[in-house]
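Data block for upload_26.pdb (PDB, C-alpha atoms and all ligand atoms):
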ATOM      1  CA  MET A1145      10.742 -24.474  20.194
ATOM      2  CA  GLU A1146      13.137 -23.098  22.818
ATOM      3  CA  VAL A1147      16.711 -22.680  21.600
ATOM      4  CA  HIS A1148      18.051 -24.953  24.352
ATOM      5  CA  GLU A1149      15.521 -27.634  23.471
ATOM      6  CA  ALA A1150      16.461 -27.414  19.788
ATOM      7  CA  ILE A1151      20.160 -27.697  20.647
ATOM      8  CA  MET A1152      19.635 -30.564  23.090
ATOM      9  CA  SER A1153      17.463 -32.531  20.669
ATOM     10  CA  ARG A1154      19.861 -32.245  17.727
ATOM     11  CA  ARG A1155      21.656 -35.460  16.915
ATOM     12  CA  SER A1156      22.773 -37.209  13.784
ATOM     13  CA  VAL A1157      20.000 -39.185  12.121
ATOM     14  CA  ARG A1158      20.960 -41.905   9.657
ATOM     15  CA  ARG A1159      17.604 -43.084   8.350
ATOM     16  CA  PHE A1160      14.968 -40.660   7.115
ATOM     17  CA  LEU A1161      11.352 -41.079   6.090
ATOM     18  CA  PRO A1162      10.365 -40.618   2.436
ATOM     19  CA  LYS A1163       8.390 -37.534   3.451
ATOM     20  CA  ALA A1164       8.963 -34.231   1.681
ATOM     21  CA  VAL A1165      10.606 -31.332   3.474
ATOM     22  CA  PRO A1166       8.231 -28.334   3.234
ATOM     23  CA  MET A1167       9.803 -25.605   1.105
ATOM     24  CA  ASP A1168       8.907 -22.863   3.599
ATOM     25  CA  SER A1169      10.676 -24.802   6.386
ATOM     26  CA  LEU A1170      13.722 -25.276   4.185
ATOM     27  CA  ARG A1171      13.912 -21.597   3.321
ATOM     28  CA  ARG A1172      13.494 -20.568   7.000
ATOM     29  CA  ILE A1173      16.311 -22.913   8.037
ATOM     30  CA  ILE A1174      18.607 -21.520   5.347
ATOM     31  CA  GLU A1175      17.661 -17.937   6.189
ATOM     32  CA  GLY A1176      18.544 -18.690   9.828
ATOM     33  CA  ALA A1177      21.866 -20.224   8.794
ATOM     34  CA  GLY A1178      22.718 -17.060   6.887
ATOM     35  CA  MET A1179      22.340 -15.085  10.145
ATOM     36  CA  ALA A1180      25.462 -16.811  11.504
ATOM     37  CA  PRO A1181      28.250 -14.487  12.640
ATOM     38  CA  SER A1182      31.484 -14.373  10.655
ATOM     39  CA  GLY A1183      34.702 -12.418  11.102
ATOM     40  CA  ASN A1184      34.170  -8.993   9.502
ATOM     41  CA  ASN A1185      30.793 -10.293   8.320
ATOM     42  CA  ILE A1186      32.396 -11.780   5.199
ATOM     43  CA  GLN A1187      29.682 -14.515   5.119
ATOM     44  CA  PRO A1188      31.967 -16.947   3.274
ATOM     45  CA  TRP A1189      29.485 -19.835   3.033
ATOM     46  CA  LYS A1190      27.911 -21.179  -0.134
ATOM     47  CA  LEU A1191      25.101 -23.691  -0.082
ATOM     48  CA  TYR A1192      23.801 -26.077  -2.737
ATOM     49  CA  VAL A1193      20.477 -27.762  -1.982
ATOM     50  CA  VAL A1194      19.604 -30.871  -3.963
ATOM     51  CA  GLY A1195      16.571 -33.097  -4.293
ATOM     52  CA  GLY A1196      14.947 -35.343  -6.879
ATOM     53  CA  ALA A1197      16.928 -36.200  -9.991
ATOM     54  CA  THR A1198      20.044 -34.208  -9.010
ATOM     55  CA  LYS A1199      20.296 -35.915  -5.636
ATOM     56  CA  ASP A1200      19.724 -39.342  -7.200
ATOM     57  CA  ALA A1201      22.367 -38.717  -9.862
ATOM     58  CA  ILE A1202      24.952 -37.720  -7.221
ATOM     59  CA  SER A1203      24.178 -40.907  -5.264
ATOM     60  CA  ALA A1204      24.412 -43.112  -8.332
ATOM     61  CA  ASP A1205      27.661 -41.557  -9.539
ATOM     62  CA  ILE A1206      29.395 -41.823  -6.170
ATOM     63  CA  LEU A1207      28.307 -45.436  -5.667
ATOM     64  CA  ASP A1208      29.557 -46.177  -9.182
ATOM     65  CA  ALA A1209      32.896 -44.521  -8.349
ATOM     66  CA  ILE A1210      33.195 -46.616  -5.180
ATOM     67  CA  ALA A1211      32.496 -49.805  -7.124
ATOM     68  CA  ASN A1212      34.696 -49.103 -10.137
ATOM     69  CA  ASP A1213      37.352 -46.448  -9.520
ATOM     70  CA  ASP A1214      40.758 -46.812  -7.932
ATOM     71  CA  PRO A1215      40.040 -45.616  -4.343
ATOM     72  CA  LYS A1216      43.286 -43.618  -4.482
ATOM     73  CA  SER A1217      41.845 -41.493  -7.282
ATOM     74  CA  HIS A1218      39.405 -39.935  -4.780
ATOM     75  CA  GLY A1219      40.106 -38.104  -1.560
ATOM     76  CA  PRO A1220      39.161 -35.102   0.526
ATOM     77  CA  GLU A1221      40.229 -31.577  -0.347
ATOM     78  CA  TYR A1222      41.187 -30.808   3.213
ATOM     79  CA  PRO A1223      42.167 -32.903   6.258
ATOM     80  CA  TYR A1224      39.006 -33.179   8.326
ATOM     81  CA  TYR A1225      40.614 -35.793  10.573
ATOM     82  CA  PRO A1226      44.188 -36.031  11.895
ATOM     83  CA  THR A1227      46.423 -38.486  10.017
ATOM     84  CA  LYS A1228      47.598 -39.862  13.390
ATOM     85  CA  TRP A1229      44.973 -40.232  16.100
ATOM     86  CA  PHE A1230      45.892 -39.758  19.753
ATOM     87  CA  GLU A1231      44.153 -39.779  23.125
ATOM     88  CA  PRO A1232      41.573 -38.852  24.255
ATOM     89  CA  TYR A1233      40.240 -38.379  20.701
ATOM     90  CA  GLN A1234      41.133 -41.864  19.536
ATOM     91  CA  SER A1235      38.967 -43.463  22.248
ATOM     92  CA  ARG A1236      36.023 -41.138  21.679
ATOM     93  CA  ARG A1237      36.153 -41.825  17.961
ATOM     94  CA  ARG A1238      36.219 -45.593  18.527
ATOM     95  CA  GLU A1239      33.397 -45.469  21.069
ATOM     96  CA  THR A1240      31.214 -43.604  18.578
ATOM     97  CA  GLY A1241      32.013 -45.820  15.598
ATOM     98  CA  PHE A1242      31.735 -49.114  17.452
ATOM     99  CA  GLY A1243      28.608 -47.944  19.274
ATOM    100  CA  LEU A1244      26.851 -47.237  15.989
ATOM    101  CA  TYR A1245      28.004 -50.514  14.399
ATOM    102  CA  ALA A1246      26.914 -52.465  17.485
ATOM    103  CA  LYS A1247      23.380 -51.059  17.194
ATOM    104  CA  LEU A1248      23.361 -51.961  13.503
ATOM    105  CA  GLY A1249      24.627 -55.488  14.242
ATOM    106  CA  ILE A1250      27.820 -54.946  12.228
ATOM    107  CA  ALA A1251      30.758 -56.860  13.729
ATOM    108  CA  ARG A1252      34.121 -55.075  14.025
ATOM    109  CA  ASP A1253      35.730 -57.344  11.428
ATOM    110  CA  ASP A1254      32.757 -57.205   9.028
ATOM    111  CA  MET A1255      34.417 -55.046   6.389
ATOM    112  CA  ALA A1256      31.596 -55.550   3.860
ATOM    113  CA  GLY A1257      29.019 -54.482   6.458
ATOM    114  CA  ARG A1258      31.077 -51.417   7.315
ATOM    115  CA  GLN A1259      31.439 -50.469   3.657
ATOM    116  CA  ALA A1260      27.676 -50.905   3.150
ATOM    117  CA  GLN A1261      27.003 -48.578   6.077
ATOM    118  CA  MET A1262      29.569 -46.116   4.689
ATOM    119  CA  ASN A1263      27.734 -46.230   1.361
ATOM    120  CA  ARG A1264      24.473 -45.253   3.097
ATOM    121  CA  ASN A1265      26.063 -41.811   3.416
ATOM    122  CA  TYR A1266      25.958 -41.494  -0.356
ATOM    123  CA  GLU A1267      22.252 -42.353  -0.416
ATOM    124  CA  PHE A1268      21.788 -39.380   1.927
ATOM    125  CA  PHE A1269      20.442 -41.945   4.427
ATOM    126  CA  ASP A1270      17.214 -41.827   2.346
ATOM    127  CA  ALA A1271      16.643 -38.136   3.137
ATOM    128  CA  PRO A1272      14.595 -36.280   0.519
ATOM    129  CA  ILE A1273      16.975 -33.307   0.559
ATOM    130  CA  GLY A1274      20.746 -33.077   0.550
ATOM    131  CA  MET A1275      22.884 -29.987   1.044
ATOM    132  CA  PHE A1276      26.483 -29.161   0.226
ATOM    133  CA  VAL A1277      28.407 -26.446   2.026
ATOM    134  CA  SER A1278      31.430 -24.853   0.386
ATOM    135  CA  PHE A1279      33.610 -21.757   0.550
ATOM    136  CA  HIS A1280      36.367 -20.057  -1.428
ATOM    137  CA  ARG A1281      39.555 -22.050  -0.945
ATOM    138  CA  ASP A1282      41.773 -18.922  -0.800
ATOM    139  CA  LEU A1283      40.163 -17.748   2.451
ATOM    140  CA  ALA A1284      41.951 -18.361   5.765
ATOM    141  CA  THR A1285      41.547 -20.740   8.718
ATOM    142  CA  GLY A1286      39.040 -18.406  10.369
ATOM    143  CA  THR A1287      36.615 -19.227   7.573
ATOM    144  CA  TYR A1288      36.384 -22.786   8.895
ATOM    145  CA  LEU A1289      35.033 -21.298  12.148
ATOM    146  CA  ASP A1290      32.543 -19.118  10.280
ATOM    147  CA  VAL A1291      31.342 -21.987   8.107
ATOM    148  CA  GLY A1292      31.063 -24.240  11.166
ATOM    149  CA  MET A1293      28.653 -21.738  12.709
ATOM    150  CA  PHE A1294      26.654 -21.637   9.506
ATOM    151  CA  ILE A1295      26.467 -25.438   9.504
ATOM    152  CA  GLU A1296      25.383 -25.578  13.144
ATOM    153  CA  ASN A1297      22.654 -23.023  12.429
ATOM    154  CA  LEU A1298      21.381 -25.346   9.691
ATOM    155  CA  LEU A1299      21.411 -28.356  12.034
ATOM    156  CA  VAL A1300      19.755 -26.590  14.971
ATOM    157  CA  GLY A1301      17.412 -24.613  12.720
ATOM    158  CA  ALA A1302      16.190 -27.904  11.278
ATOM    159  CA  ARG A1303      15.110 -28.977  14.767
ATOM    160  CA  GLY A1304      12.985 -25.847  15.019
ATOM    161  CA  GLU A1305      11.051 -27.132  12.017
ATOM    162  CA  GLY A1306      10.672 -30.658  13.429
ATOM    163  CA  LEU A1307      13.364 -31.951  11.075
ATOM    164  CA  HIS A1308      16.578 -33.868  11.670
ATOM    165  CA  THR A1309      19.955 -33.830   9.953
ATOM    166  CA  CYS A1310      23.272 -35.581   9.556
ATOM    167  CA  GLY A1311      26.475 -33.703   8.779
ATOM    168  CA  GLN A1312      28.524 -35.671   6.251
ATOM    169  CA  ALA A1313      32.219 -35.190   5.717
ATOM    170  CA  ALA A1314      31.993 -38.448   3.713
ATOM    171  CA  PHE A1315      31.021 -36.404   0.667
ATOM    172  CA  THR A1316      34.322 -34.524   0.643
ATOM    173  CA  TRP A1317      36.076 -37.762  -0.412
ATOM    174  CA  TYR A1318      34.020 -37.682  -3.604
ATOM    175  CA  HIS A1319      34.038 -33.915  -4.174
ATOM    176  CA  ARG A1320      35.082 -34.375  -7.800
ATOM    177  CA  VAL A1321      31.958 -36.460  -8.431
ATOM    178  CA  VAL A1322      29.713 -34.073  -6.477
ATOM    179  CA  ARG A1323      31.066 -31.118  -8.464
ATOM    180  CA  LYS A1324      29.941 -32.626 -11.753
ATOM    181  CA  HIS A1325      26.351 -32.133 -10.640
ATOM    182  CA  LEU A1326      26.599 -28.672  -9.080
ATOM    183  CA  PRO A1327      27.359 -25.238 -10.501
ATOM    184  CA  MET A1328      30.269 -25.120  -8.033
ATOM    185  CA  PRO A1329      33.298 -23.180  -9.302
ATOM    186  CA  ASP A1330      36.732 -24.812  -8.921
ATOM    187  CA  GLU A1331      37.798 -22.172  -6.406
ATOM    188  CA  GLU A1332      35.191 -23.458  -3.953
ATOM    189  CA  LEU A1333      36.213 -26.113  -1.454
ATOM    190  CA  LEU A1334      33.541 -28.633  -0.484
ATOM    191  CA  ALA A1335      33.351 -28.509   3.327
ATOM    192  CA  CYS A1336      30.713 -31.193   3.854
ATOM    193  CA  GLY A1337      27.346 -32.556   2.865
ATOM    194  CA  ILE A1338      24.236 -32.577   5.040
ATOM    195  CA  SER A1339      21.166 -34.796   4.829
ATOM    196  CA  ILE A1340      17.916 -33.302   6.070
ATOM    197  CA  GLY A1341      14.452 -34.730   6.513
ATOM    198  CA  PHE A1342      12.052 -36.347   8.951
ATOM    199  CA  GLU A1343      13.506 -39.024  11.213
ATOM    200  CA  ASP A1344      12.451 -42.637  10.823
ATOM    201  CA  GLU A1345      11.939 -42.973  14.551
ATOM    202  CA  GLY A1346      11.601 -46.747  14.590
ATOM    203  CA  ALA A1347      14.824 -47.375  12.662
ATOM    204  CA  VAL A1348      17.697 -49.072  14.470
ATOM    205  CA  ASP A1349      20.028 -46.729  12.545
ATOM    206  CA  ASN A1350      18.721 -43.933  14.769
ATOM    207  CA  ALA A1351      18.821 -45.783  18.081
ATOM    208  CA  PHE A1352      22.438 -44.981  18.968
ATOM    209  CA  ARG A1353      23.087 -42.047  21.308
ATOM    210  CA  THR A1354      26.544 -40.523  21.502
ATOM    211  CA  ALA A1355      28.000 -39.735  24.905
ATOM    212  CA  LYS A1356      28.613 -36.068  25.625
ATOM    213  CA  LEU A1357      31.138 -34.797  28.130
ATOM    214  CA  PRO A1358      29.981 -33.142  31.365
ATOM    215  CA  ILE A1359      30.690 -29.423  31.102
ATOM    216  CA  ASP A1360      33.437 -29.462  33.740
ATOM    217  CA  ASP A1361      35.476 -31.731  31.448
ATOM    218  CA  PHE A1362      35.827 -29.012  28.827
ATOM    219  CA  ALA A1363      34.952 -25.688  30.473
ATOM    220  CA  THR A1364      37.266 -23.896  32.907
ATOM    221  CA  PHE A1365      35.751 -21.246  35.151
ATOM    222  CA  LEU A1366      38.071 -18.634  36.599
ATOM    223  CA  ASP A1367      36.769 -16.116  39.104
ATOM    224  CA  VAL A1368      33.214 -16.880  38.036
ATOM    225  CA  GLU A1369      30.761 -16.819  40.920
TER     226      GLU A1369
HETATM  227  C1  LIG B1401      30.972 -31.675   9.799
HETATM  228  C2  LIG B1401      30.484 -33.051  10.193
HETATM  229  C3  LIG B1401      30.733 -34.127   9.372
HETATM  230  C4  LIG B1401      30.224 -35.392   9.683
HETATM  231  N1  LIG B1401      30.404 -36.440   8.799
HETATM  232  C5  LIG B1401      29.714 -37.593   8.994
HETATM  233  C6  LIG B1401      29.700 -38.586   7.972
HETATM  234  O1  LIG B1401      30.312 -38.443   6.910
HETATM  235  N2  LIG B1401      28.946 -39.699   8.174
HETATM  236  C7  LIG B1401      28.221 -39.879   9.329
HETATM  237  O2  LIG B1401      27.556 -40.918   9.459
HETATM  238  N3  LIG B1401      28.228 -38.967  10.323
HETATM  239  C8  LIG B1401      28.946 -37.819  10.172
HETATM  240  N4  LIG B1401      28.903 -36.829  11.127
HETATM  241  C9  LIG B1401      28.129 -37.035  12.353
HETATM  242  C10 LIG B1401      29.031 -37.299  13.559
HETATM  243  O3  LIG B1401      29.466 -38.624  13.543
HETATM  244  C11 LIG B1401      28.217 -36.988  14.819
HETATM  245  O4  LIG B1401      27.970 -35.594  14.866
HETATM  246  C12 LIG B1401      28.927 -37.406  16.104
HETATM  247  O5  LIG B1401      29.079 -38.789  16.167
HETATM  248  C13 LIG B1401      28.164 -36.913  17.335
HETATM  249  O6  LIG B1401      26.846 -37.440  17.319
HETATM  250  P1  LIG B1401      25.555 -36.496  17.318
HETATM  251  O7  LIG B1401      25.612 -35.664  16.074
HETATM  252  O8  LIG B1401      24.402 -37.459  17.300
HETATM  253  O9  LIG B1401      25.639 -35.627  18.533
HETATM  254  C14 LIG B1401      29.471 -35.582  10.864
HETATM  255  C15 LIG B1401      29.271 -34.495  11.725
HETATM  256  C16 LIG B1401      29.760 -33.241  11.399
HETATM  257  C17 LIG B1401      29.497 -32.076  12.318
END

Rewrite the structure of this file - the entire thing - as structure tokens.
Ligand SMILES: Cc1cc2nc3c(=O)[nH]c(=O)nc-3n(C[C@H](O)[C@H](O)[C@H](O)COP(=O)(O)O)c2cc1C
Amino acid sequence: MEVHEAIMSRRSVRRFLPKAVPMDSLRRIIEGAGMAPSGNNIQPWKLYVVGGATKDAISADILDAIANDDPKSHGPEYPYYPTKWFEPYQSRRRETGFGLYAKLGIARDDMAGRQAQMNRNYEFFDAPIGMFVSFHRDLATGTYLDVGMFIENLLVGARGEGLHTCGQAAFTWYHRVVRKHLPMPDEELLACGISIGFEDEGAVDNAFRTAKLPIDDFATFLDVE
């Protein structure tokens, strides 16, 4: 597959088929991710790949925590989103959230429906494989750039293998639960989870398409012929 085609066909998939991810594809995707550039080539990323019983146990434990724990006892290790939203980001965020809920038939005031959809994150959207990306918490802000490139290589690399993905910051809220199941040292910060598998193409969960900005809205050309 052409690189541009892989990039253009990447999107977040939220319902996967119960079809195994071939191990050679998985290893190629991860090998490609590890080729990402990083400042001074420090390669700060760590990756935990889960399937089967480990993945199921993480799902069960998080869903149990949602049902039984004080929500305030869980939270992300780092602020992925601003505490106060502002324009134009506020509108883009709303358009994306409401667009997805509209496709799923979840009304804006249907809090139970929204929570159920949120919980689908913790079932890895039925994907056979889940991944967790982390890095040493004492590294600097530049590491977030490096790890972002690593993540994007995973997402685009998956397309090259005919697979789809969904990045999931949702897992960072339950990093303490996730940690119980992974050999992840305390000094590692959980950046995000990722679901990976084959898309359920007929599923309404995958029918929503996010709007992307035309390039002149975000790129400035100066003295470029
Ligand atoms: C690091 C990261 C974390 C994300 N976290 C979630 C998440 O927790 N749950 C979810 O449904 N989608 C999540 N997404 C997917 C975004 O909502 C999605 O990328 C965005 O709406 C743009 O849509 P597209 O990926 O289809 O282009 C995440 C994406 C990234 C890159």

Contacts of Phe1352 (chain A) at 7 Å (all atoms listed in the file; same-chain gap of 2+ positions) as a ChimeraX atom specification:
/A:1243-1244,1247,1350,1354

Would you compute the distance between CA of His1280 (chain A) and CA of Cys1336 (chain A)? Give it in Å to one decimal.
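It comes out at 13.6 Å.
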
Centre and size of axis-aligned box enclosing ligand LIG 1401 (chain B) plus 6 Å each side, as JSON:
{"center_x": 27.7, "center_y": -36.3, "center_z": 12.7, "size_x": 18.6, "size_y": 21.2, "size_z": 23.6}

Residue contacts of Glu1305 (chain A) (10 Å, all atoms listed in the file) excluding same-chain residues fewer than 6 positions away, as a list of chain:residue names:
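In the requested format, the answer is A:Met1145, A:Ala1150, A:Val1165, A:Pro1166, A:Asp1168, A:Ser1169, A:Leu1170, A:Arg1172, A:Ile1173, A:Gly1341, A:Phe1342.
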
Report the closest atom pair, with its distance in Å rounded to one decimal, for each residue of chain A that has an atom no farther than 6 Å from ligand LIG 1401 (chain B); count all atoms listed in the file, sort by chain and then rising residue number, and write it as a Markdown table.
| residue | atom | partner | partner_atom | distance |
| --- | --- | --- | --- | --- |
| A:Arg1155 | CA | B:LIG1401 | O8 | 3.4 |
| A:Ser1156 | CA | B:LIG1401 | O8 | 3.9 |
| A:Thr1240 | CA | B:LIG1401 | O5 | 5.8 |
| A:Asn1265 | CA | B:LIG1401 | N2 | 6.0 |
| A:Cys1310 | CA | B:LIG1401 | C9 | 5.8 |
| A:Gly1311 | CA | B:LIG1401 | C14 | 4.1 |
| A:Gln1312 | CA | B:LIG1401 | N1 | 3.3 |
| A:Ala1313 | CA | B:LIG1401 | N1 | 3.8 |
| A:Ala1314 | CA | B:LIG1401 | O1 | 3.6 |
| A:Cys1336 | CA | B:LIG1401 | C1 | 6.0 |
| A:Thr1354 | CA | B:LIG1401 | O6 | 5.2 |

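The residue that comes closest to Leu1161 (chain A), out of A:Pro1232, A:Pro1272, A:Gly1337, A:Pro1358 and on the basis of all atoms listed in the file, is A:Pro1272.
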
Run the PyMOL selection byres (((chain A and resi 1292) around 12) and not hetatm) on the file and write out the hits as a list in words.
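Against this file, the PyMOL selection byres (((chain A and resi 1292) around 12) and not hetatm) returns the residues Ala1177, Gly1178, Ala1180, Pro1181, Ser1182, Gln1187, Pro1188, Trp1189, Val1277, Ser1278, Phe1279, Thr1285, Gly1286, Thr1287, Tyr1288, Leu1289, Asp1290, Val1291, Met1293, Phe1294, Ile1295, Glu1296, Asn1297, Leu1298, Leu1299, Gly1311, Ala1335 and Cys1336 of chain A.
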
Under the rule that only C-alpha atoms are counted, which of A:Leu1248, A:Leu1357, A:Ile1202, A:Ala1260 is the nearest residue to Phe1315 (chain A)?
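The closest residue to Phe1315 (chain A) is A:Ile1202.
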
For region 1320-1322 of chain A, find every residue with an atom within 12 Å (counting all atoms listed in the file), except residues of its own chain fewer than 2 positions away, and show them as a PyMOL selection string.
chain A and resi 1192+1194+1198-1210+1213+1217-1221+1266+1274-1278+1314-1318+1324-1330+1332-1337

Write out, as a PDB file, keeping the file's coordinate frame, the residues just selected, with C-alpha atoms.
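Writing done, so here's again23.pdb:
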ATOM      1  CA  TYR A1192      23.801 -26.077  -2.737  1.00  0.00           C
ATOM      2  CA  VAL A1194      19.604 -30.871  -3.963  1.00  0.00           C
ATOM      3  CA  THR A1198      20.044 -34.208  -9.010  1.00  0.00           C
ATOM      4  CA  LYS A1199      20.296 -35.915  -5.636  1.00  0.00           C
ATOM      5  CA  ASP A1200      19.724 -39.342  -7.200  1.00  0.00           C
ATOM      6  CA  ALA A1201      22.367 -38.717  -9.862  1.00  0.00           C
ATOM      7  CA  ILE A1202      24.952 -37.720  -7.221  1.00  0.00           C
ATOM      8  CA  SER A1203      24.178 -40.907  -5.264  1.00  0.00           C
ATOM      9  CA  ALA A1204      24.412 -43.112  -8.332  1.00  0.00           C
ATOM     10  CA  ASP A1205      27.661 -41.557  -9.539  1.00  0.00           C
ATOM     11  CA  ILE A1206      29.395 -41.823  -6.170  1.00  0.00           C
ATOM     12  CA  LEU A1207      28.307 -45.436  -5.667  1.00  0.00           C
ATOM     13  CA  ASP A1208      29.557 -46.177  -9.182  1.00  0.00           C
ATOM     14  CA  ALA A1209      32.896 -44.521  -8.349  1.00  0.00           C
ATOM     15  CA  ILE A1210      33.195 -46.616  -5.180  1.00  0.00           C
ATOM     16  CA  ASP A1213      37.352 -46.448  -9.520  1.00  0.00           C
ATOM     17  CA  SER A1217      41.845 -41.493  -7.282  1.00  0.00           C
ATOM     18  CA  HIS A1218      39.405 -39.935  -4.780  1.00  0.00           C
ATOM     19  CA  GLY A1219      40.106 -38.104  -1.560  1.00  0.00           C
ATOM     20  CA  PRO A1220      39.161 -35.102   0.526  1.00  0.00           C
ATOM     21  CA  GLU A1221      40.229 -31.577  -0.347  1.00  0.00           C
ATOM     22  CA  TYR A1266      25.958 -41.494  -0.356  1.00  0.00           C
ATOM     23  CA  GLY A1274      20.746 -33.077   0.550  1.00  0.00           C
ATOM     24  CA  MET A1275      22.884 -29.987   1.044  1.00  0.00           C
ATOM     25  CA  PHE A1276      26.483 -29.161   0.226  1.00  0.00           C
ATOM     26  CA  VAL A1277      28.407 -26.446   2.026  1.00  0.00           C
ATOM     27  CA  SER A1278      31.430 -24.853   0.386  1.00  0.00           C
ATOM     28  CA  ALA A1314      31.993 -38.448   3.713  1.00  0.00           C
ATOM     29  CA  PHE A1315      31.021 -36.404   0.667  1.00  0.00           C
ATOM     30  CA  THR A1316      34.322 -34.524   0.643  1.00  0.00           C
ATOM     31  CA  TRP A1317      36.076 -37.762  -0.412  1.00  0.00           C
ATOM     32  CA  TYR A1318      34.020 -37.682  -3.604  1.00  0.00           C
ATOM     33  CA  LYS A1324      29.941 -32.626 -11.753  1.00  0.00           C
ATOM     34  CA  HIS A1325      26.351 -32.133 -10.640  1.00  0.00           C
ATOM     35  CA  LEU A1326      26.599 -28.672  -9.080  1.00  0.00           C
ATOM     36  CA  PRO A1327      27.359 -25.238 -10.501  1.00  0.00           C
ATOM     37  CA  MET A1328      30.269 -25.120  -8.033  1.00  0.00           C
ATOM     38  CA  PRO A1329      33.298 -23.180  -9.302  1.00  0.00           C
ATOM     39  CA  ASP A1330      36.732 -24.812  -8.921  1.00  0.00           C
ATOM     40  CA  GLU A1332      35.191 -23.458  -3.953  1.00  0.00           C
ATOM     41  CA  LEU A1333      36.213 -26.113  -1.454  1.00  0.00           C
ATOM     42  CA  LEU A1334      33.541 -28.633  -0.484  1.00  0.00           C
ATOM     43  CA  ALA A1335      33.351 -28.509   3.327  1.00  0.00           C
ATOM     44  CA  CYS A1336      30.713 -31.193   3.854  1.00  0.00           C
ATOM     45  CA  GLY A1337      27.346 -32.556   2.865  1.00  0.00           C
TER      46      GLY A1337
END
